[in-house]
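Trainee: Input entry_25.cif, format and content: mmCIF, C-alpha atoms.
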data_upload
#
loop_
_atom_site.label_atom_id
_atom_site.label_comp_id
_atom_site.auth_asym_id
_atom_site.auth_seq_id
_atom_site.Cartn_x
_atom_site.Cartn_y
_atom_site.Cartn_z
CA MET A 15 -10.10 3.78 4.75
CA SER A 16 -13.72 4.78 4.16
CA GLY A 17 -14.16 3.22 0.72
CA THR A 18 -12.86 2.87 -2.83
CA ILE A 19 -13.29 5.24 -5.78
CA ALA A 20 -12.52 4.10 -9.34
CA ILE A 21 -11.94 6.56 -12.19
CA VAL A 22 -13.07 5.34 -15.63
CA GLY A 23 -13.61 6.79 -19.08
CA ARG A 24 -12.47 6.63 -22.67
CA PRO A 25 -8.82 7.34 -23.59
CA ASN A 26 -7.34 10.81 -23.30
CA VAL A 27 -10.12 12.48 -21.32
CA GLY A 28 -7.83 13.36 -18.40
CA LYS A 29 -8.48 10.45 -16.00
CA SER A 30 -4.87 10.25 -14.85
CA THR A 31 -4.63 14.02 -14.40
CA ILE A 32 -7.69 13.94 -12.13
CA PHE A 33 -6.31 10.85 -10.35
CA ASN A 34 -3.03 12.65 -9.66
CA ARG A 35 -4.87 15.76 -8.53
CA ILE A 36 -6.91 13.76 -5.98
CA ALA A 37 -3.97 11.60 -4.87
CA GLY A 38 -1.83 14.70 -4.43
CA SER A 39 1.12 13.25 -6.31
CA ARG A 40 2.13 12.29 -9.80
CA VAL A 41 1.38 8.57 -9.49
CA SER A 42 -0.10 7.96 -12.94
CA ILE A 43 1.80 8.65 -16.14
CA VAL A 44 0.19 11.58 -17.92
CA GLU A 45 0.80 11.95 -21.66
CA ASP A 46 -1.24 13.62 -24.38
CA MET A 47 -1.85 10.37 -26.21
CA PRO A 48 -4.47 7.63 -25.85
CA GLY A 49 -3.81 4.38 -24.05
CA VAL A 50 -0.95 5.37 -21.76
CA THR A 51 -2.57 3.91 -18.63
CA ARG A 52 -3.29 0.26 -19.39
CA ASP A 53 -3.48 -1.34 -15.98
CA ARG A 54 -5.04 -0.31 -12.70
CA ILE A 55 -3.03 2.10 -10.57
CA TYR A 56 -3.74 2.46 -6.86
CA ALA A 57 -3.28 5.30 -4.42
CA SER A 58 -4.84 6.74 -1.29
CA GLY A 59 -6.77 9.99 -1.13
CA GLU A 60 -8.18 12.26 1.56
CA TRP A 61 -10.95 14.81 1.49
CA THR A 62 -12.56 16.70 4.39
CA GLY A 63 -11.10 14.24 6.87
CA HIS A 64 -12.26 11.14 4.98
CA THR A 65 -9.69 8.77 3.52
CA PHE A 66 -10.30 6.40 0.63
CA HIS A 67 -8.63 4.13 -1.92
CA LEU A 68 -8.34 5.45 -5.45
CA ILE A 69 -8.04 3.41 -8.66
CA ASP A 70 -6.99 4.78 -12.05
CA THR A 71 -7.84 2.69 -15.11
CA GLY A 72 -7.02 2.44 -18.78
CA GLY A 73 -9.24 4.11 -21.36
CA ILE A 74 -12.08 2.06 -22.87
CA GLN A 75 -12.97 2.47 -26.52
CA LEU A 76 -15.09 0.60 -29.04
CA ALA A 77 -12.48 0.76 -31.82
CA ASP A 78 -10.24 -2.27 -32.24
CA GLN A 79 -7.08 -0.98 -30.60
CA PRO A 80 -4.14 -2.86 -29.00
CA TYR A 81 -4.77 -4.18 -25.49
CA GLN A 82 -8.46 -3.20 -25.51
CA GLU A 83 -9.60 -6.64 -24.34
CA GLU A 84 -7.14 -6.58 -21.46
CA ILE A 85 -8.01 -2.97 -20.55
CA ARG A 86 -11.74 -3.78 -20.43
CA ALA A 87 -11.02 -6.71 -18.13
CA GLN A 88 -8.97 -4.49 -15.82
CA VAL A 89 -11.64 -1.77 -15.80
CA GLN A 90 -14.32 -4.35 -15.00
CA ILE A 91 -12.28 -5.49 -12.00
CA ALA A 92 -11.89 -1.88 -10.86
CA ILE A 93 -15.66 -1.37 -11.15
CA GLU A 94 -16.29 -4.48 -9.06
CA GLU A 95 -13.85 -3.29 -6.39
CA ALA A 96 -15.19 0.27 -6.25
CA ASP A 97 -17.86 1.67 -3.96
CA VAL A 98 -18.25 4.79 -6.12
CA ILE A 99 -17.17 5.40 -9.74
CA ILE A 100 -16.11 8.68 -11.31
CA MET A 101 -16.81 8.67 -15.05
CA VAL A 102 -14.66 11.28 -16.80
CA CYS A 103 -15.72 12.78 -20.14
CA ASN A 104 -14.06 15.38 -22.34
CA GLY A 105 -16.05 18.62 -22.36
CA LYS A 106 -13.85 20.12 -25.06
CA GLU A 107 -14.50 17.33 -27.59
CA GLY A 108 -18.09 16.57 -26.59
CA MET A 109 -19.94 13.28 -26.08
CA SER A 110 -18.92 10.21 -28.09
CA GLU A 111 -20.14 6.68 -28.78
CA ASP A 112 -17.40 5.45 -26.43
CA ASP A 113 -18.95 7.57 -23.65
CA ARG A 114 -22.36 6.00 -24.30
CA TYR A 115 -20.85 2.51 -24.23
CA ILE A 116 -19.08 3.17 -20.91
CA ALA A 117 -22.19 4.76 -19.39
CA GLY A 118 -24.17 1.61 -20.22
CA MET A 119 -21.44 -0.50 -18.66
CA LEU A 120 -21.63 1.55 -15.46
CA GLN A 121 -25.43 1.48 -15.32
CA ARG A 122 -25.33 -2.31 -15.46
CA SER A 123 -22.89 -2.35 -12.53
CA ARG A 124 -25.54 -0.67 -10.32
CA LYS A 125 -22.75 1.23 -8.55
CA PRO A 126 -23.08 4.96 -7.68
CA VAL A 127 -21.58 7.05 -10.49
CA VAL A 128 -20.37 10.66 -10.37
CA LEU A 129 -20.14 12.22 -13.84
CA ALA A 130 -17.19 14.60 -14.27
CA VAL A 131 -16.89 16.59 -17.50
CA ASN A 132 -13.22 17.53 -17.79
CA GLN A 133 -11.39 20.33 -19.62
CA ILE A 134 -13.96 22.96 -18.66
CA ASP A 135 -11.10 25.35 -18.02
CA ASP A 136 -13.16 28.56 -18.14
CA ASP A 137 -16.74 29.81 -18.34
CA SER A 138 -16.69 29.78 -22.14
CA ARG A 139 -16.97 25.98 -22.11
CA LEU A 140 -19.46 25.70 -19.26
CA MET A 141 -22.43 25.15 -21.58
CA ASN A 142 -20.66 22.08 -23.01
CA ILE A 143 -21.60 19.96 -20.00
CA TYR A 144 -25.34 19.83 -20.71
CA GLU A 145 -25.22 17.32 -23.57
CA PHE A 146 -23.83 14.77 -21.09
CA TYR A 147 -27.21 14.55 -19.35
CA ALA A 148 -28.06 12.18 -22.22
CA LEU A 149 -25.81 9.54 -20.64
CA GLY A 150 -28.40 9.03 -17.90
CA LEU A 151 -25.86 9.25 -15.07
CA GLY A 152 -27.28 12.28 -13.28
CA ASP A 153 -25.99 15.83 -13.06
CA PRO A 154 -22.63 16.36 -14.80
CA ILE A 155 -20.01 18.29 -12.82
CA ALA A 156 -17.74 20.70 -14.69
CA VAL A 157 -14.08 20.14 -13.80
CA SER A 158 -10.59 20.99 -14.91
CA GLY A 159 -8.08 18.36 -13.85
CA VAL A 160 -5.19 20.59 -14.89
CA HIS A 161 -6.33 23.57 -12.81
CA GLY A 162 -8.12 21.66 -10.04
CA ILE A 163 -11.47 23.34 -10.75
CA GLY A 164 -14.49 21.32 -9.58
CA ILE A 165 -12.47 18.47 -8.07
CA GLY A 166 -13.81 19.30 -4.61
CA ASP A 167 -17.38 19.13 -5.92
CA VAL A 168 -16.66 15.70 -7.43
CA LEU A 169 -15.22 14.42 -4.15
CA ASP A 170 -18.16 15.83 -2.18
CA ALA A 171 -20.50 13.91 -4.49
CA CYS A 172 -18.41 10.74 -4.16
CA LEU A 173 -18.45 10.85 -0.37
CA ALA A 174 -22.20 11.55 -0.35
CA ALA A 175 -22.76 8.49 -2.55
CA MET A 176 -20.39 6.27 -0.58
CA PRO A 177 -22.25 3.40 1.15
CA GLU A 178 -22.21 3.64 4.91
CA GLU A 179 -19.26 1.76 6.28
CA LYS A 180 -20.36 -1.13 8.42
CA ALA A 181 -18.43 -1.54 11.60
CA ALA A 182 -16.36 -4.67 11.19
CA GLU A 183 -16.56 -7.20 13.97
CA GLU A 184 -12.93 -7.24 14.99
CA THR A 185 -11.92 -10.71 16.05
CA GLU A 186 -9.86 -10.77 19.22
CA GLY A 187 -6.19 -11.63 18.87
CA ILE A 188 -3.08 -10.61 16.94
CA HIS A 189 -3.97 -10.15 13.26
CA ILE A 190 -1.33 -11.56 10.91
CA ALA A 191 -1.38 -10.82 7.17
CA VAL A 192 0.51 -13.30 5.01
CA ILE A 193 1.80 -11.36 2.00
CA GLY A 194 4.02 -12.04 -0.98
CA GLN A 195 4.05 -12.73 -4.67
CA PRO A 196 1.92 -15.52 -6.12
CA ASN A 197 3.21 -19.06 -5.70
CA VAL A 198 5.61 -18.40 -2.83
CA GLY A 199 3.66 -20.76 -0.55
CA LYS A 200 1.37 -18.43 1.40
CA SER A 201 -1.60 -20.79 1.50
CA SER A 202 0.62 -23.75 2.32
CA LEU A 203 2.16 -21.83 5.23
CA VAL A 204 -1.26 -20.81 6.55
CA ASN A 205 -2.42 -24.41 6.41
CA LYS A 206 0.67 -25.62 8.23
CA ILE A 207 0.25 -23.01 10.97
CA LEU A 208 -3.43 -23.93 11.34
CA HIS A 209 -2.69 -27.67 11.10
CA GLU A 210 -5.60 -28.05 8.73
CA GLU A 211 -6.49 -27.49 5.09
CA ARG A 212 -8.34 -24.18 5.42
CA SER A 213 -7.08 -22.66 2.15
CA ILE A 214 -6.85 -24.14 -1.34
CA VAL A 215 -3.25 -25.11 -2.14
CA SER A 216 -2.25 -25.14 -5.79
CA ASN A 217 0.77 -24.42 -7.97
CA ILE A 218 -1.39 -22.27 -10.25
CA GLN A 219 -0.58 -18.62 -9.65
CA GLY A 220 -3.47 -16.62 -8.27
CA THR A 221 -5.49 -19.41 -6.64
CA THR A 222 -6.30 -17.34 -3.57
CA ARG A 223 -8.68 -14.65 -4.76
CA ASP A 224 -9.55 -12.84 -1.57
CA ALA A 225 -8.35 -12.34 1.97
CA ILE A 226 -9.65 -15.04 4.31
CA ASP A 227 -9.61 -14.40 8.08
CA THR A 228 -9.12 -17.46 10.27
CA PRO A 229 -9.05 -17.13 14.07
CA PHE A 230 -7.01 -19.72 16.00
CA GLU A 231 -5.20 -20.24 19.29
CA TYR A 232 -1.61 -21.27 19.89
CA ASP A 233 0.05 -21.78 23.23
CA GLY A 234 -2.88 -20.11 24.99
CA LYS A 235 -2.76 -16.96 22.80
CA LYS A 236 -5.34 -15.81 20.25
CA TYR A 237 -4.46 -14.97 16.64
CA VAL A 238 -6.23 -14.21 13.39
CA ILE A 239 -4.34 -15.16 10.25
CA VAL A 240 -5.18 -13.62 6.88
CA ASP A 241 -4.15 -15.44 3.72
CA THR A 242 -4.07 -12.69 1.10
CA ALA A 243 -4.15 -12.89 -2.64
CA GLY A 244 -0.73 -12.88 -4.27
CA ILE A 245 0.53 -9.45 -5.23
CA ARG A 246 1.90 -9.27 -8.75
CA LYS A 247 3.54 -6.56 -10.79
CA ARG A 248 0.53 -4.72 -12.10
CA GLY A 249 1.95 -4.04 -15.54
CA LYS A 250 2.31 -7.76 -16.22
CA VAL A 251 -1.15 -8.89 -15.16
CA TRP A 252 -3.97 -8.88 -17.67
CA GLU A 253 -6.11 -11.95 -16.88
CA SER A 254 -9.69 -11.11 -15.98
CA VAL A 255 -9.55 -13.99 -13.46
CA GLU A 256 -7.40 -11.71 -11.27
CA LYS A 257 -10.45 -10.46 -9.37
CA TYR A 258 -8.75 -10.75 -5.99
CA SER A 259 -6.49 -7.78 -6.84
CA VAL A 260 -3.69 -5.96 -5.16
CA LEU A 261 -6.21 -3.75 -3.38
CA ARG A 262 -7.58 -6.55 -1.22
CA ALA A 263 -4.10 -7.50 -0.07
CA MET A 264 -3.46 -3.85 0.76
CA ARG A 265 -6.65 -3.79 2.83
CA ALA A 266 -5.47 -6.85 4.74
CA ILE A 267 -2.14 -5.12 5.42
CA GLU A 268 -3.92 -2.01 6.71
CA ARG A 269 -5.81 -3.90 9.40
CA CYS A 270 -3.10 -6.36 10.44
CA ASP A 271 -0.88 -6.18 13.53
CA CYS A 272 2.01 -7.95 11.79
CA ALA A 273 2.86 -8.91 8.22
CA LEU A 274 4.59 -12.17 7.31
CA PHE A 275 6.44 -11.34 4.11
CA LEU A 276 7.20 -14.55 2.19
CA ILE A 277 10.13 -15.02 -0.16
CA ASP A 278 10.62 -18.11 -2.33
CA ALA A 279 14.04 -19.53 -1.45
CA GLN A 280 14.19 -21.42 -4.77
CA ALA A 281 13.33 -18.45 -6.97
CA GLY A 282 15.45 -16.09 -4.89
CA ILE A 283 14.75 -12.41 -4.37
CA ARG A 284 12.91 -10.82 -7.27
CA GLU A 285 12.46 -7.14 -8.04
CA GLN A 286 8.74 -7.27 -7.37
CA ASP A 287 9.39 -8.58 -3.85
CA LYS A 288 10.56 -5.07 -2.96
CA HIS A 289 7.22 -3.60 -4.01
CA VAL A 290 5.31 -6.20 -2.01
CA ALA A 291 7.28 -5.52 1.17
CA GLY A 292 7.01 -1.80 0.54
CA TYR A 293 3.24 -1.85 1.02
CA ALA A 294 3.62 -3.16 4.58
CA ALA A 295 6.57 -0.90 5.40
CA GLU A 296 4.73 2.21 4.21
CA ALA A 297 1.73 1.20 6.32
CA GLY A 298 3.99 1.17 9.38
CA LYS A 299 3.36 -2.50 10.16
CA PRO A 300 5.74 -4.85 11.98
CA ILE A 301 7.27 -7.27 9.47
CA VAL A 302 8.76 -10.74 9.72
CA ILE A 303 10.60 -11.90 6.60
CA VAL A 304 9.86 -15.58 6.03
CA VAL A 305 12.11 -17.45 3.58
CA ASN A 306 9.96 -20.38 2.46
CA LYS A 307 10.81 -23.60 0.56
CA TRP A 308 14.15 -23.77 2.38
CA ASP A 309 13.98 -27.57 2.21
CA ALA A 310 14.30 -27.42 -1.60
CA VAL A 311 17.58 -25.47 -1.57
CA GLU A 312 21.00 -27.12 -1.72
CA LYS A 313 22.71 -25.91 1.42
CA ASN A 314 25.95 -25.84 3.33
CA GLU A 315 26.79 -24.46 6.76
CA LYS A 316 26.96 -20.89 5.36
CA SER A 317 23.80 -20.95 3.20
CA MET A 318 21.50 -19.36 5.77
CA GLN A 319 23.97 -16.59 6.57
CA GLU A 320 24.60 -15.88 2.88
CA PHE A 321 20.88 -15.71 2.07
CA THR A 322 20.29 -13.42 5.05
CA GLU A 323 23.01 -11.09 3.73
CA LYS A 324 21.27 -11.05 0.34
CA VAL A 325 18.02 -10.12 2.06
CA ARG A 326 19.73 -7.31 3.97
CA ASN A 327 21.37 -5.98 0.80
CA GLU A 328 18.18 -6.07 -1.25
CA PHE A 329 15.85 -4.80 1.49
CA VAL A 330 17.93 -2.10 3.13
CA TYR A 331 14.77 -0.35 4.35
CA LEU A 332 13.80 -3.56 6.23
CA SER A 333 17.05 -3.88 8.16
CA TYR A 334 14.98 -4.08 11.36
CA ALA A 335 12.92 -7.10 10.22
CA PRO A 336 13.87 -10.54 11.57
CA VAL A 337 14.45 -13.29 9.00
CA VAL A 338 13.24 -16.86 9.57
CA PHE A 339 13.81 -19.86 7.31
CA VAL A 340 11.01 -22.40 7.00
CA SER A 341 9.48 -25.08 4.84
CA ALA A 342 5.70 -24.90 4.70
CA LYS A 343 5.73 -28.23 2.87
CA THR A 344 7.58 -30.21 5.55
CA GLY A 345 6.75 -27.99 8.53
CA GLN A 346 10.43 -27.36 9.22
CA ARG A 347 10.81 -24.43 11.68
CA VAL A 348 7.24 -23.23 11.10
CA ASP A 349 6.77 -23.35 14.87
CA THR A 350 9.35 -20.54 15.23
CA ILE A 351 7.17 -18.00 13.41
CA LEU A 352 4.52 -17.17 16.03
CA PRO A 353 7.01 -16.47 18.86
CA VAL A 354 8.76 -14.03 16.52
CA VAL A 355 5.39 -12.45 15.67
CA ASP A 356 4.65 -12.01 19.38
CA HIS A 357 8.02 -10.35 19.86
CA VAL A 358 7.73 -7.82 17.03
CA VAL A 359 4.12 -6.93 17.92
CA GLU A 360 5.23 -6.31 21.51
CA ASN A 361 8.04 -4.10 20.21
CA ALA A 362 5.63 -2.13 18.02
CA GLY A 363 3.64 -1.27 21.14
CA ARG A 364 6.68 -0.34 23.23
CA ARG A 365 6.64 3.02 25.02
CA ILE A 366 9.86 4.66 26.17
CA PRO A 367 9.79 6.85 29.32
CA THR A 368 10.41 10.45 28.31
CA ASN A 369 13.37 10.96 30.63
CA ILE A 370 15.17 7.88 29.32
CA LEU A 371 14.37 8.81 25.72
CA ASN A 372 15.84 12.28 26.15
CA GLN A 373 18.96 10.88 27.77
CA VAL A 374 19.56 8.67 24.71
CA ILE A 375 18.94 11.61 22.33
CA ALA A 376 21.28 13.85 24.36
CA ASP A 377 24.03 11.21 24.36
CA THR A 378 23.59 10.76 20.62
CA GLN A 379 24.06 14.49 19.97
CA VAL A 380 27.08 14.71 22.26
CA THR A 381 28.91 11.74 20.72
CA THR A 382 27.93 12.56 17.12
CA PRO A 383 26.57 16.06 16.49
CA ALA A 384 24.67 16.66 13.29
CA PRO A 385 26.91 17.96 10.46
CA ALA A 386 26.70 21.68 9.79
CA ARG A 387 24.70 22.73 6.73
CA ASN A 388 25.18 26.25 5.36
CA GLY A 389 26.82 27.24 8.62
CA LYS A 390 23.93 25.92 10.74
CA ARG A 391 23.68 22.73 12.77
CA PHE A 392 20.57 20.67 13.50
CA ARG A 393 19.89 20.63 17.25
CA ILE A 394 17.33 18.64 19.20
CA TYR A 395 16.09 20.30 22.39
CA TYR A 396 13.54 17.73 23.50
CA ALA A 397 12.06 14.45 22.35
CA THR A 398 8.79 12.72 23.14
CA GLN A 399 7.09 9.54 21.98
CA THR A 400 3.64 10.43 20.67
CA SER A 401 2.27 7.03 19.65
CA VAL A 402 2.91 3.33 19.15
CA ALA A 403 2.35 0.82 16.33
CA PRO A 404 4.55 2.15 14.87
CA PRO A 405 6.55 3.88 17.60
CA THR A 406 6.56 7.55 16.65
CA PHE A 407 8.95 10.14 18.10
CA VAL A 408 8.65 13.91 17.76
CA LEU A 409 11.87 15.91 18.03
CA SER A 410 11.57 19.52 19.15
CA CYS A 411 14.41 21.21 17.27
CA ASN A 412 15.83 24.49 16.02
CA GLU A 413 15.05 23.95 12.31
CA PRO A 414 13.41 20.79 10.87
CA LYS A 415 14.89 21.41 7.40
CA LEU A 416 18.40 21.01 8.82
CA MET A 417 17.75 17.34 9.69
CA HIS A 418 19.38 15.45 6.82
CA PHE A 419 17.93 12.00 6.14
CA THR A 420 21.28 10.42 7.01
CA TYR A 421 21.20 11.98 10.48
CA GLN A 422 17.57 10.94 10.88
CA ARG A 423 18.66 7.39 10.11
CA PHE A 424 21.50 7.78 12.64
CA ILE A 425 19.00 8.82 15.34
CA GLU A 426 16.81 5.85 14.46
CA ASN A 427 19.78 3.49 14.77
CA SER A 428 20.63 5.02 18.14
CA LEU A 429 17.10 4.34 19.36
CA ARG A 430 17.25 0.78 18.04
CA ASN A 431 20.58 0.21 19.77
CA ALA A 432 19.17 1.51 23.06
CA PHE A 433 15.76 -0.18 22.92
CA ASP A 434 14.35 -3.36 21.40
CA PHE A 435 12.45 -2.28 18.31
CA GLU A 436 13.24 -5.37 16.24
CA GLY A 437 10.62 -6.01 13.60
CA THR A 438 8.86 -2.66 13.75
CA PRO A 439 9.39 0.51 11.74
CA ILE A 440 10.07 3.73 13.64
CA ARG A 441 8.79 7.13 12.61
CA ILE A 442 10.74 10.27 13.49
CA ILE A 443 9.18 13.71 13.06
CA ALA A 444 11.13 16.95 13.51
CA ARG A 445 9.21 20.05 14.61
CA ARG A 446 10.44 23.54 15.31
CA LYS A 447 10.56 24.39 18.99
CA ILE A 448 7.78 26.78 19.95
CA SER A 449 9.24 29.95 21.44
CA GLU A 450 7.84 30.85 24.81
#
Translate the structure described by the file into structure tokens.

Mentor:
Amino acid sequence: MSGTIAIVGRPNVGKSTIFNRIAGSRVSIVEDMPGVTRDRIYASGEWTGHTFHLIDTGGIQLADQPYQEEIRAQVQIAIEEADVIIMVCNGKEGMSEDDRYIAGMLQRSRKPVVLAVNQIDDDSRLMNIYEFYALGLGDPIAVSGVHGIGIGDVLDACLAAMPEEKAAEETEGIHIAVIGQPNVGKSSLVNKILHEERSIVSNIQGTTRDAIDTPFEYDGKKYVIVDTAGIRKRGKVWESVEKYSVLRAMRAIERCDCALFLIDAQAGIREQDKHVAGYAAEAGKPIVIVVNKWDAVEKNEKSMQEFTEKVRNEFVYLSYAPVVFVSAKTGQRVDTILPVVDHVVENAGRRIPTNILNQVIADTQVTTPAPARNGKRFRIYYATQTSVAPPTFVLSCNEPKLMHFTYQRFIENSLRNAFDFEGTPIRIIARRKISE
């Protein structure tokens, strides 16, 4: 990712519409009423080959409205996290006192600001943009979030204002991101692995406010462990102290080689755990599910098996991830984690010889052909592995649209049965065979 862009403005100026237009999907809720977006919403964007993080925010207004204090706190966090800020104004309604208040807020941040005047849907409103020069934020850009007019100009300006990305000094070793909800024992586990008190340990949710990289060696191998801030359900977090943010944890996931996904054995599996794990799965990272605080659970000889079954039922999309049970407090089985990390990272980098891969694919089609759809059957002519981490396979086929997701899953399972891909996601891409 080349940087972070935050979108701010008063309510009902079209921030979420522009956010969705840039993100390329309907991530934010868009309604014709003020105050719909209250918390920060994150997505990724891409423009002219450059990728970036994108943050949508709630509308700021001077009037005493519900949640305004919380919204301002969230917007302030987004401003602090951003490299460039898009301020959106409403060209149909004209400039307001709220716009002036927000402009002052942005000027004090000393961050680059791109001024987008929205709802300039045709040339008849083009003259409306000039009054916004009074905000002192530079040249206003006429846009229409609904029609996509001017969005490219805004993104060009954002990328031009983006600070040059400094090349990070990548520490040698396997990078491990420790992720999970607040208070599941991430910092305690990091400390136990490091055998020293490197991170603050507290029962107060949200103690860890940023990702902290710590290089170390174990059994002659080099690692870098990253203790990330706890990821919470965004709609339930209002405290301005939450400056660590979801975004920083997502950044840690992006640059890790393996994610340790912690679950609190006492609290059990919570709905938000699925969102936390989803970030790592979508990023294509190897995952080890770590059930922590196992010492505090009343157990019998079947407890571990029963909890594993719960994990498998709740995280169907992580069926490939190994599950380990530990106690960061007592150190019980913590020494089993790094060997599992080594194994899944090795699997993520596994390359399958093309001839062997095609033999497995051919056997799969012979034993279980794809079901016919509208009188046509999905056929794979040739398969090749194009990359690793995650292992990615391209299937040359007759018609990509005929590959039903259930058959894609069947092919994935066949590959997992034939080769050791435990702990790593697999990506399968179907492409039409090029006629010679």

Trainee: Which residues fall under the PyMOL selection byres ((chain A and resi 444-447) around 7) in this file, as a list in words?

Mentor: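 Written out, the selection comes to Val408, Leu409, Ser410, Cys411, Asn412, Glu413, Pro414, Ile442, Ile443, Ile448 and Ser449 of chain A.
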
Trainee: Counting all atoms listed in the file, which residue out of A:Val330, A:Val311, A:Val355, A:Val304 sits closest to Asp271 in chain A?

Mentor: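 Going through A:Val330, A:Val311, A:Val355, A:Val304 one by one, the smallest distance to Asp271 in chain A is for A:Val355.
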
Trainee: At a cut-off of 6 Å, using all atoms listed in the file, what residues contact range 133-144 of chain A? Leave out same-chain residues fewer than 2 positions from it and give the result as number ranges by chain.

Mentor: A: 105-106, 146-147, 156-158

Trainee: Find the residue from A:Gly150, A:Gly187, A:Pro405, A:Gly194 that sits nearest to Ala294 in chain A; use all atoms listed in the file when measuring.

Mentor: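 Using all atoms listed in the file, Ala294 in chain A sits closest to A:Gly194.
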
Trainee: Report the distance between CA of Pro404 in chain A and CA of Gly298 in chain A in Å, rounded to one decimal place.

Mentor: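 Interatomic distance, CA of Pro404 in chain A to CA of Gly298 in chain A: 5.6 Å.
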
Trainee: Mind telling me what the PyMOL selection byres ((chain A and resi 233) around 12) catches here, as JSON, numbers by chain?

Mentor: {"A": [230, 231, 232, 234, 235, 236, 237, 349, 352, 353, 356]}

Trainee: Kindly export the residues of the current selection with C-alpha atoms, as a short mmCIF file (atom, residue, chain, number, x, y, z; two decimals), in the frame of the given file.

Mentor:
data_model
loop_
_atom_site.label_atom_id
_atom_site.label_comp_id
_atom_site.auth_asym_id
_atom_site.auth_seq_id
_atom_site.Cartn_x
_atom_site.Cartn_y
_atom_site.Cartn_z
CA PHE A 230 -7.01 -19.72 16.00
CA GLU A 231 -5.20 -20.24 19.29
CA TYR A 232 -1.61 -21.27 19.89
CA GLY A 234 -2.88 -20.11 24.99
CA LYS A 235 -2.76 -16.96 22.80
CA LYS A 236 -5.34 -15.81 20.25
CA TYR A 237 -4.46 -14.97 16.64
CA ASP A 349 6.77 -23.35 14.87
CA LEU A 352 4.52 -17.17 16.03
CA PRO A 353 7.01 -16.47 18.86
CA ASP A 356 4.65 -12.01 19.38
#

Trainee: From the list A:Val102, A:Ala335, A:Ala266, A:Ile19, which residue is nearest Ile440 in chain A when using all atoms listed in the file?

Mentor: A:Ala335

Trainee: Set the distance at 9 Å and use only C-alpha atoms: which residues neighbour Val337 in chain A once local chain neighbours fewer than 2 positions away are removed? I'd like the list as a list in words.

Mentor: Val302, Ile303, Val304, Val305, Thr322, Val325, Ala335 and Phe339 of chain A

Trainee: What does the PyMOL selection byres ((chain A and resi 155) around 7) select in this file, as a list in words?

Mentor: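 Here the PyMOL selection byres ((chain A and resi 155) around 7) matches Leu129, Ala130, Val131, Asp153, Pro154, Ala156, Val157 and Val168 of chain A.
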
Trainee: For the atom pair CA of Glu60 in chain A and CA of Ala174 in chain A, what is the interatomic distance in Å to one decimal place?

Mentor: 14.2 Å

Trainee: Residues near Trp308 in chain A, anyone? I mean within 6 Å using only C-alpha atoms, not counting same-chain ones fewer than 5 positions away, as number ranges by chain.

Mentor: A: 279, 340-341

Trainee: Between CA of Ala87 in chain A and CA of Tyr115 in chain A, what is the distance, to one decimal in Å?

Mentor: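 CA of Ala87 in chain A sits 14.8 Å away from CA of Tyr115 in chain A.
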